[in-house]
>>> print(open('target_35.pdb').read())   # PDB, C-alpha atoms, pLDDT in the B column
ATOM      1  CA  MET A   1      11.989  15.265   3.925  1.00 71.00           C
ATOM      2  CA  THR A   2      13.052  11.956   5.384  1.00 82.00           C
ATOM      3  CA  ASN A   3      13.867   9.079   3.017  1.00 88.00           C
ATOM      4  CA  GLY A   4      10.912   6.757   2.737  1.00 89.00           C
ATOM      5  CA  THR A   5      10.664   3.346   4.322  1.00 89.00           C
ATOM      6  CA  ILE A   6       8.005   0.690   4.371  1.00 91.00           C
ATOM      7  CA  LEU A   7       7.474  -1.269   7.565  1.00 91.00           C
ATOM      8  CA  VAL A   8       5.398  -4.440   7.605  1.00 92.00           C
ATOM      9  CA  ALA A   9       3.932  -6.870  10.089  1.00 90.00           C
ATOM     10  CA  ARG A  10       1.795  -9.997   9.885  1.00 88.00           C
ATOM     11  CA  HIS A  11      -0.234 -11.730  12.551  1.00 86.00           C
ATOM     12  CA  ASP A  12      -2.838 -14.461  12.103  1.00 87.00           C
ATOM     13  CA  GLY A  13      -3.518 -13.468   8.496  1.00 90.00           C
ATOM     14  CA  ALA A  14      -3.799  -9.742   9.226  1.00 90.00           C
ATOM     15  CA  HIS A  15      -1.192  -7.544   7.563  1.00 93.00           C
ATOM     16  CA  VAL A  16       0.009  -4.038   8.361  1.00 92.00           C
ATOM     17  CA  VAL A  17       1.922  -1.822   5.941  1.00 93.00           C
ATOM     18  CA  LYS A  18       3.324   1.408   7.408  1.00 94.00           C
ATOM     19  CA  LEU A  19       4.770   4.018   5.057  1.00 93.00           C
ATOM     20  CA  THR A  20       7.118   6.570   6.612  1.00 93.00           C
ATOM     21  CA  GLY A  21       8.911   9.626   5.266  1.00 93.00           C
ATOM     22  CA  ASP A  22       8.980  10.438   1.551  1.00 92.00           C
ATOM     23  CA  VAL A  23       7.779   7.230  -0.136  1.00 91.00           C
ATOM     24  CA  ARG A  24       8.742   7.046  -3.810  1.00 86.00           C
ATOM     25  CA  LEU A  25       8.595   4.590  -6.690  1.00 81.00           C
ATOM     26  CA  THR A  26      11.955   3.038  -5.733  1.00 81.00           C
ATOM     27  CA  LEU A  27      10.105   1.110  -3.014  1.00 80.00           C
ATOM     28  CA  CYS A  28       7.282  -0.078  -5.280  1.00 82.00           C
ATOM     29  CA  THR A  29       8.864  -3.368  -6.356  1.00 86.00           C
ATOM     30  CA  ALA A  30       9.251  -4.418  -2.725  1.00 87.00           C
ATOM     31  CA  LEU A  31       5.719  -3.236  -1.998  1.00 88.00           C
ATOM     32  CA  GLU A  32       4.256  -5.138  -4.935  1.00 90.00           C
ATOM     33  CA  ASP A  33       6.175  -8.294  -3.952  1.00 91.00           C
ATOM     34  CA  PHE A  34       4.844  -7.978  -0.398  1.00 91.00           C
ATOM     35  CA  PHE A  35       1.279  -7.588  -1.683  1.00 93.00           C
ATOM     36  CA  ASP A  36       1.684 -10.684  -3.898  1.00 93.00           C
ATOM     37  CA  ASP A  37       2.975 -12.710  -0.924  1.00 93.00           C
ATOM     38  CA  MET A  38       0.139 -11.386   1.207  1.00 93.00           C
ATOM     39  CA  PHE A  39      -2.538 -12.506  -1.274  1.00 94.00           C
ATOM     40  CA  ALA A  40      -0.824 -15.890  -1.663  1.00 94.00           C
ATOM     41  CA  SER A  41      -0.996 -16.479   2.086  1.00 92.00           C
ATOM     42  CA  PRO A  42      -3.766 -19.019   2.802  1.00 92.00           C
ATOM     43  CA  ASP A  43      -4.786 -17.231   6.013  1.00 92.00           C
ATOM     44  CA  PHE A  44      -4.865 -13.680   4.560  1.00 92.00           C
ATOM     45  CA  CYS A  45      -7.847 -11.926   6.120  1.00 91.00           C
ATOM     46  CA  GLY A  46      -7.124  -8.201   6.040  1.00 91.00           C
ATOM     47  CA  VAL A  47      -4.709  -5.343   5.579  1.00 94.00           C
ATOM     48  CA  VAL A  48      -4.203  -1.934   7.145  1.00 93.00           C
ATOM     49  CA  VAL A  49      -2.062   0.746   5.488  1.00 95.00           C
ATOM     50  CA  ASP A  50      -0.725   3.244   8.035  1.00 94.00           C
ATOM     51  CA  LEU A  51       0.256   6.625   6.589  1.00 95.00           C
ATOM     52  CA  CYS A  52       0.528   8.485   9.927  1.00 93.00           C
ATOM     53  CA  ASP A  53       4.289   8.985   9.537  1.00 92.00           C
ATOM     54  CA  ALA A  54       4.292   9.495   5.768  1.00 93.00           C
ATOM     55  CA  GLU A  55       5.479  12.940   4.699  1.00 93.00           C
ATOM     56  CA  ASN A  56       4.803  12.353   1.015  1.00 92.00           C
ATOM     57  CA  VAL A  57       3.471   9.456  -1.066  1.00 93.00           C
ATOM     58  CA  ASP A  58       4.117   9.647  -4.802  1.00 92.00           C
ATOM     59  CA  SER A  59       1.517   8.750  -7.400  1.00 92.00           C
ATOM     60  CA  THR A  60       3.101   5.394  -8.269  1.00 92.00           C
ATOM     61  CA  THR A  61       2.856   4.305  -4.640  1.00 92.00           C
ATOM     62  CA  LEU A  62      -0.719   5.572  -4.504  1.00 94.00           C
ATOM     63  CA  GLY A  63      -1.496   3.534  -7.610  1.00 93.00           C
ATOM     64  CA  MET A  64      -0.045   0.415  -5.969  1.00 92.00           C
ATOM     65  CA  MET A  65      -2.216   1.035  -2.931  1.00 94.00           C
ATOM     66  CA  ALA A  66      -5.318   1.474  -5.095  1.00 95.00           C
ATOM     67  CA  LYS A  67      -4.454  -1.752  -6.903  1.00 94.00           C
ATOM     68  CA  LEU A  68      -4.193  -3.505  -3.517  1.00 94.00           C
ATOM     69  CA  ALA A  69      -7.668  -2.326  -2.510  1.00 96.00           C
ATOM     70  CA  ILE A  70      -9.263  -3.311  -5.794  1.00 95.00           C
ATOM     71  CA  ARG A  71      -7.610  -6.720  -5.686  1.00 94.00           C
ATOM     72  CA  ALA A  72      -8.734  -7.288  -2.060  1.00 95.00           C
ATOM     73  CA  ARG A  73     -12.301  -6.393  -2.992  1.00 95.00           C
ATOM     74  CA  ASN A  74     -12.390  -8.475  -6.179  1.00 94.00           C
ATOM     75  CA  GLN A  75     -10.631 -11.580  -4.859  1.00 92.00           C
ATOM     76  CA  LEU A  76     -11.735 -11.679  -1.235  1.00 90.00           C
ATOM     77  CA  GLY A  77     -14.572  -9.211  -0.753  1.00 93.00           C
ATOM     78  CA  LEU A  78     -12.391  -7.203   1.684  1.00 92.00           C
ATOM     79  CA  THR A  79     -12.105  -3.437   2.048  1.00 95.00           C
ATOM     80  CA  PRO A  80      -8.662  -2.479   3.372  1.00 95.00           C
ATOM     81  CA  THR A  81      -8.208   0.351   5.859  1.00 93.00           C
ATOM     82  CA  ILE A  82      -5.927   3.371   5.533  1.00 96.00           C
ATOM     83  CA  ILE A  83      -4.954   5.297   8.639  1.00 94.00           C
ATOM     84  CA  SER A  84      -3.908   8.897   8.056  1.00 95.00           C
ATOM     85  CA  THR A  85      -3.482  11.531  10.746  1.00 93.00           C
ATOM     86  CA  ASN A  86      -1.946  14.055   8.331  1.00 92.00           C
ATOM     87  CA  PRO A  87      -4.717  16.315   6.954  1.00 94.00           C
ATOM     88  CA  ASP A  88      -2.755  16.936   3.727  1.00 93.00           C
ATOM     89  CA  ILE A  89      -2.367  13.224   3.000  1.00 94.00           C
ATOM     90  CA  THR A  90      -5.980  12.539   3.971  1.00 95.00           C
ATOM     91  CA  HIS A  91      -7.092  15.299   1.581  1.00 95.00           C
ATOM     92  CA  LEU A  92      -4.938  13.791  -1.188  1.00 93.00           C
ATOM     93  CA  LEU A  93      -6.496  10.361  -0.609  1.00 95.00           C
ATOM     94  CA  THR A  94     -10.001  11.811  -0.661  1.00 94.00           C
ATOM     95  CA  THR A  95      -9.498  13.852  -3.827  1.00 94.00           C
ATOM     96  CA  MET A  96      -7.985  10.840  -5.594  1.00 93.00           C
ATOM     97  CA  GLY A  97     -11.035   8.672  -4.898  1.00 94.00           C
ATOM     98  CA  PHE A  98      -9.527   6.395  -2.258  1.00 95.00           C
ATOM     99  CA  ALA A  99     -12.692   6.515  -0.153  1.00 95.00           C
ATOM    100  CA  THR A 100     -14.346   4.378  -2.841  1.00 94.00           C
ATOM    101  CA  VAL A 101     -11.930   1.482  -2.288  1.00 95.00           C
ATOM    102  CA  PHE A 102     -10.586   1.955   1.272  1.00 95.00           C
ATOM    103  CA  ASN A 103     -11.961   2.633   4.720  1.00 92.00           C
ATOM    104  CA  ILE A 104     -10.116   5.810   5.719  1.00 94.00           C
ATOM    105  CA  ARG A 105      -9.501   6.430   9.433  1.00 91.00           C
ATOM    106  CA  GLU A 106      -7.971   9.590  10.816  1.00 90.00           C
ATOM    107  CA  ASP A 107      -6.834   8.216  14.191  1.00 82.00           C
ATOM    108  CA  ALA A 108      -3.668   6.206  14.868  1.00 75.00           C
ATOM    109  CA  VAL A 109      -4.199   2.694  16.240  1.00 65.00           C
ATOM    110  CA  LEU A 110      -0.992   0.748  15.580  1.00 58.00           C
ATOM    111  CA  ASN A 111       1.822  -0.437  17.842  1.00 63.00           C
ATOM    112  CA  GLU A 112       5.109   0.103  15.963  1.00 66.00           C
ATOM    113  CA  GLU A 113       7.139  -2.364  18.035  1.00 66.00           C
ATOM    114  CA  ASP A 114       5.984  -5.299  15.905  1.00 60.00           C
ATOM    115  CA  LEU A 115       6.876  -3.767  12.533  1.00 66.00           C
ATOM    116  CA  GLY A 116       9.932  -4.744  10.467  1.00 71.00           C
ATOM    117  CA  GLU A 117      11.331  -2.739   7.534  1.00 78.00           C
ATOM    118  CA  LEU A 118      10.559  -3.950   4.010  1.00 74.00           C
ATOM    119  CA  PRO A 119      13.847  -3.741   2.070  1.00 76.00           C
ATOM    120  CA  GLU A 120      14.137  -2.094  -1.327  1.00 80.00           C
ATOM    121  CA  VAL A 121      14.172  -4.588  -4.219  1.00 81.00           C
ATOM    122  CA  ALA A 122      16.251  -4.037  -7.365  1.00 84.00           C
ATOM    123  CA  CYS A 123      14.253  -3.700 -10.549  1.00 83.00           C
ATOM    124  CA  SER A 124      15.177  -3.170 -14.189  1.00 88.00           C
ATOM    125  CA  GLU A 125      14.286   0.123 -15.824  1.00 87.00           C
ATOM    126  CA  GLU A 126      11.738  -1.606 -18.076  1.00 87.00           C
ATOM    127  CA  ALA A 127      10.105  -3.418 -15.151  1.00 86.00           C
ATOM    128  CA  MET A 128       9.952  -0.143 -13.208  1.00 87.00           C
ATOM    129  CA  ARG A 129       8.358   1.615 -16.191  1.00 85.00           C
ATOM    130  CA  GLU A 130       5.699  -1.114 -16.293  1.00 88.00           C
ATOM    131  CA  LYS A 131       5.036  -0.757 -12.560  1.00 87.00           C
ATOM    132  CA  VAL A 132       4.690   3.013 -12.884  1.00 88.00           C
ATOM    133  CA  LEU A 133       2.400   2.620 -15.903  1.00 89.00           C
ATOM    134  CA  ASP A 134       0.224   0.007 -14.196  1.00 89.00           C
ATOM    135  CA  ALA A 135      -0.057   2.046 -10.982  1.00 87.00           C
ATOM    136  CA  HIS A 136      -1.148   5.159 -12.880  1.00 92.00           C
ATOM    137  CA  ARG A 137      -3.693   3.251 -14.954  1.00 91.00           C
ATOM    138  CA  VAL A 138      -5.253   2.037 -11.708  1.00 87.00           C
ATOM    139  CA  LEU A 139      -5.326   5.597 -10.338  1.00 90.00           C
ATOM    140  CA  MET A 140      -6.989   6.830 -13.539  1.00 90.00           C
ATOM    141  CA  GLY A 141      -9.772   4.316 -12.982  1.00 90.00           C
ATOM    142  CA  LEU A 142     -10.642   5.655  -9.515  1.00 88.00           C
ATOM    143  CA  CYS A 143     -12.128   9.006 -10.558  1.00 88.00           C
ATOM    144  CA  PRO A 144     -12.356  11.477 -13.483  1.00 89.00           C
ATOM    145  CA  HIS A 145      -9.964  13.893 -11.755  1.00 90.00           C
ATOM    146  CA  ASN A 146      -7.224  11.237 -11.807  1.00 89.00           C
ATOM    147  CA  ARG A 147      -7.911  10.400 -15.448  1.00 89.00           C
ATOM    148  CA  ALA A 148      -7.308  14.018 -16.404  1.00 90.00           C
ATOM    149  CA  GLN A 149      -4.287  14.356 -14.136  1.00 88.00           C
ATOM    150  CA  PHE A 150      -2.412  11.248 -15.305  1.00 89.00           C
ATOM    151  CA  SER A 151      -3.502  10.678 -18.909  1.00 90.00           C
ATOM    152  CA  GLU A 152      -0.491  12.485 -20.424  1.00 90.00           C
ATOM    153  CA  LEU A 153       1.955  10.556 -18.228  1.00 86.00           C
ATOM    154  CA  VAL A 154       0.352   7.262 -19.218  1.00 88.00           C
ATOM    155  CA  LYS A 155       0.449   8.178 -22.927  1.00 89.00           C
ATOM    156  CA  THR A 156       4.125   9.095 -22.618  1.00 88.00           C
ATOM    157  CA  LEU A 157       5.000   5.841 -20.831  1.00 84.00           C
ATOM    158  CA  GLU A 158       2.992   3.777 -23.319  1.00 86.00           C
ATOM    159  CA  SER A 159       4.785   5.396 -26.265  1.00 88.00           C
ATOM    160  CA  ALA A 160       8.176   4.596 -24.718  1.00 79.00           C
ATOM    161  CA  VAL A 161       7.728   0.894 -25.524  1.00 68.00           C
TER     162      VAL A 161
END
>>> encode(input="target_35.pdb", output="structure tokens")
Amino acid sequence: MTNGTILVARHDGAHVVKLTGDVRLTLCTALEDFFDDMFASPDFCGVVVDLCDAENVDSTTLGMMAKLAIRARNQLGLTPTIISTNPDITHLLTTMGFATVFNIREDAVLNEEDLGELPEVACSEEAMREKVLDAHRVLMGLCPHNRAQFSELVKTLESAV
């Protein structure tokens, strides 16, 4: 698998986040910072998450994405879009309840020339544990399957405090 990267673009308040390769929790601090900046932008009007070139997306990253969708709905009444042309990733999204918080498209529509790479951001072990815990709590709230799948992980992380 190819190391994961996150590419981003902004234009007139619309944001694009493209995940490529094997996207893991090491990129989550940068992703969360980008999402915070995006919501702080006075002209923010939408976001598309492109997973067409993602080979794997770990559960922490999925939790961050779910958190993004819930925040967009609660704060702005927006439903973000995910684009996935990989049947395995689309199946993962569907089984994890993402269709309840995202519009999921299975056809590519983005021009990659305008995307710039989001750099990895250093994070303390404690801050990373909190990000992982928060992301998995959000995933657990999407559907009963996720609650069963991640409850032991969440209990373990909570007891590590």
>>> resolve_selection(input="target_35.pdb", expression="the PyMOL selection byres ((chain A and resi 119-131) around 6)", output="list in words")
Leu27, Thr29, Ala30, Leu118, Val132, Leu133 and Asp134 of chain A
>>> residues_near_point(input="target_35.pdb", point="(-8.1, -1.6, 2.6)", cutoff="10 Å", atoms="only C-alpha atoms", output="MDAnalysis selection string")
chainID A and resid 46:49 65:66 68:73 78:83 98:99 101:104
>>> resolve_selection(input="target_35.pdb", expression="the PyMOL selection byres ((chain A and resi 54-64) around 9)", output="PyMOL selection string")
chain A and resi 1-2+4-5+18-25+27-28+31-32+50-53+65-69+84+86+89+93+131-140
>>> atom_distance(input="target_35.pdb", atom1="atom CA of Ala14 of chain A", atom2="atom CA of Phe35 of chain A")
12.2 Å
>>> atom_distance(input="target_35.pdb", atom1="atom CA of Leu142 of chain A", atom2="atom CA of Thr156 of chain A")
20.0 Å
>>> atom_distance(input="target_35.pdb", atom1="atom CA of Val17 of chain A", atom2="atom CA of Gln149 of chain A")
26.5 Å
>>> axis_aligned_box(input="target_35.pdb", around="segment 49-53 of chain A", padding_each_side="5 Å", output="AutoDock Vina command-line options")
--center_x 1.1 --center_y 4.9 --center_z 7.7 --size_x 16.4 --size_y 18.2 --size_z 14.4
>>> closest_residue(input="target_35.pdb", among="A:Ser151, A:Ser41, A:Thr26, A:Thr85", to="Arg105 of chain A", atoms="only C-alpha atoms")
A:Thr85
>>> resolve_selection(input="target_35.pdb", expression="the PyMOL selection byres ((chain A and resi 9-12) around 9)", output="PyMOL selection string")
chain A and resi 7-8+13-18+38+43-45+114-117
>>> closest_residue(input="target_35.pdb", among="A:Ala40, A:Ala160, A:His145, A:Glu106", to="Pro87 of chain A", atoms="only C-alpha atoms")
A:Glu106
>>> decode(input="target_35.pdb", residues="segment 22-122 of chain A", atoms="C-alpha atoms", output="mmCIF file, in the first residue's frame")
data_model
loop_
_atom_site.group_PDB
_atom_site.id
_atom_site.type_symbol
_atom_site.label_atom_id
_atom_site.label_comp_id
_atom_site.auth_asym_id
_atom_site.auth_seq_id
_atom_site.Cartn_x
_atom_site.Cartn_y
_atom_site.Cartn_z
ATOM 1 C CA ASP A 22 -3.291 4.199 3.087
ATOM 2 C CA VAL A 23 -4.687 6.984 5.294
ATOM 3 C CA ARG A 24 -3.942 6.453 8.985
ATOM 4 C CA LEU A 25 -4.332 8.285 12.278
ATOM 5 C CA THR A 26 -0.974 10.061 11.857
ATOM 6 C CA LEU A 27 -2.724 12.455 9.462
ATOM 7 C CA CYS A 28 -5.709 13.113 11.737
ATOM 8 C CA THR A 29 -4.295 16.154 13.537
ATOM 9 C CA ALA A 30 -3.735 17.911 10.216
ATOM 10 C CA LEU A 31 -7.180 16.829 9.051
ATOM 11 C CA GLU A 32 -8.867 18.081 12.208
ATOM 12 C CA ASP A 33 -6.996 21.406 11.988
ATOM 13 C CA PHE A 34 -8.111 21.776 8.366
ATOM 14 C CA PHE A 35 -11.729 21.069 9.323
ATOM 15 C CA ASP A 36 -11.550 23.671 12.126
ATOM 16 C CA ASP A 37 -10.155 26.271 9.697
ATOM 17 C CA MET A 38 -12.821 25.343 7.174
ATOM 18 C CA PHE A 39 -15.670 25.894 9.654
ATOM 19 C CA ALA A 40 -14.089 29.166 10.809
ATOM 20 C CA SER A 41 -14.064 30.486 7.246
ATOM 21 C CA PRO A 42 -16.867 33.062 6.874
ATOM 22 C CA ASP A 43 -17.644 31.929 3.316
ATOM 23 C CA PHE A 44 -17.694 28.159 4.032
ATOM 24 C CA CYS A 45 -20.525 26.691 1.974
ATOM 25 C CA GLY A 46 -19.691 23.040 1.363
ATOM 26 C CA VAL A 47 -17.217 20.195 1.402
ATOM 27 C CA VAL A 48 -16.515 17.175 -0.771
ATOM 28 C CA VAL A 49 -14.389 14.262 0.456
ATOM 29 C CA ASP A 50 -12.829 12.347 -2.445
ATOM 30 C CA LEU A 51 -11.827 8.766 -1.636
ATOM 31 C CA CYS A 52 -11.306 7.611 -5.252
ATOM 32 C CA ASP A 53 -7.560 7.118 -4.734
ATOM 33 C CA ALA A 54 -7.756 5.870 -1.146
ATOM 34 C CA GLU A 55 -6.525 2.305 -0.706
ATOM 35 C CA ASN A 56 -7.429 2.134 2.972
ATOM 36 C CA VAL A 57 -8.969 4.533 5.496
ATOM 37 C CA ASP A 58 -8.533 3.617 9.154
ATOM 38 C CA SER A 59 -11.304 3.928 11.710
ATOM 39 C CA THR A 60 -9.879 7.076 13.321
ATOM 40 C CA THR A 61 -9.950 8.859 9.970
ATOM 41 C CA LEU A 62 -13.470 7.575 9.364
ATOM 42 C CA GLY A 63 -14.487 8.939 12.756
ATOM 43 C CA MET A 64 -13.044 12.349 11.856
ATOM 44 C CA MET A 65 -15.016 12.303 8.626
ATOM 45 C CA ALA A 66 -18.222 11.382 10.463
ATOM 46 C CA LYS A 67 -17.565 14.201 12.922
ATOM 47 C CA LEU A 68 -17.166 16.596 9.970
ATOM 48 C CA ALA A 69 -20.538 15.573 8.537
ATOM 49 C CA ILE A 70 -22.349 15.855 11.843
ATOM 50 C CA ARG A 71 -20.802 19.249 12.513
ATOM 51 C CA ALA A 72 -21.733 20.504 9.008
ATOM 52 C CA ARG A 73 -25.317 19.373 9.520
ATOM 53 C CA ASN A 74 -25.655 20.777 13.043
ATOM 54 C CA GLN A 75 -23.921 24.117 12.473
ATOM 55 C CA LEU A 76 -24.819 24.912 8.878
ATOM 56 C CA GLY A 77 -27.544 22.534 7.744
ATOM 57 C CA LEU A 78 -25.164 21.094 5.099
ATOM 58 C CA THR A 79 -24.740 17.481 4.018
ATOM 59 C CA PRO A 80 -21.198 16.873 2.750
ATOM 60 C CA THR A 81 -20.513 14.602 -0.213
ATOM 61 C CA ILE A 82 -18.161 11.624 -0.348
ATOM 62 C CA ILE A 83 -16.950 10.373 -3.705
ATOM 63 C CA SER A 84 -15.827 6.750 -3.779
ATOM 64 C CA THR A 85 -15.164 4.712 -6.904
ATOM 65 C CA ASN A 86 -13.690 1.789 -4.943
ATOM 66 C CA PRO A 87 -16.463 -0.754 -4.214
ATOM 67 C CA ASP A 88 -14.671 -1.965 -1.057
ATOM 68 C CA ILE A 89 -14.443 1.535 0.410
ATOM 69 C CA THR A 90 -18.013 2.329 -0.630
ATOM 70 C CA HIS A 91 -19.173 -0.872 1.094
ATOM 71 C CA LEU A 92 -17.230 0.097 4.235
ATOM 72 C CA LEU A 93 -18.860 3.543 4.248
ATOM 73 C CA THR A 94 -22.314 2.043 3.794
ATOM 74 C CA THR A 95 -21.929 -0.576 6.520
ATOM 75 C CA MET A 96 -20.616 2.053 8.938
ATOM 76 C CA GLY A 97 -23.689 4.256 8.494
ATOM 77 C CA PHE A 98 -22.104 7.041 6.454
ATOM 78 C CA ALA A 99 -25.138 7.281 4.173
ATOM 79 C CA THR A 100 -27.010 8.808 7.121
ATOM 80 C CA VAL A 101 -24.659 11.803 7.302
ATOM 81 C CA PHE A 102 -23.098 12.073 3.809
ATOM 82 C CA ASN A 103 -24.251 12.067 0.217
ATOM 83 C CA ILE A 104 -22.253 9.188 -1.272
ATOM 84 C CA ARG A 105 -21.407 9.331 -4.989
ATOM 85 C CA GLU A 106 -19.700 6.539 -6.870
ATOM 86 C CA ASP A 107 -18.416 8.579 -9.830
ATOM 87 C CA ALA A 108 -15.281 10.745 -9.898
ATOM 88 C CA VAL A 109 -15.844 14.449 -10.581
ATOM 89 C CA LEU A 110 -12.743 16.287 -9.352
ATOM 90 C CA ASN A 111 -9.842 17.952 -11.156
ATOM 91 C CA GLU A 112 -6.653 17.114 -9.218
ATOM 92 C CA GLU A 113 -4.586 19.983 -10.632
ATOM 93 C CA ASP A 114 -5.953 22.412 -8.042
ATOM 94 C CA LEU A 115 -5.209 20.259 -4.989
ATOM 95 C CA GLY A 116 -2.308 20.866 -2.585
ATOM 96 C CA GLU A 117 -1.018 18.346 -0.023
ATOM 97 C CA LEU A 118 -2.028 18.816 3.615
ATOM 98 C CA PRO A 119 1.149 18.291 5.678
ATOM 99 C CA GLU A 120 1.295 16.007 8.695
ATOM 100 C CA VAL A 121 1.085 17.878 12.018
ATOM 101 C CA ALA A 122 2.997 16.753 15.118
#
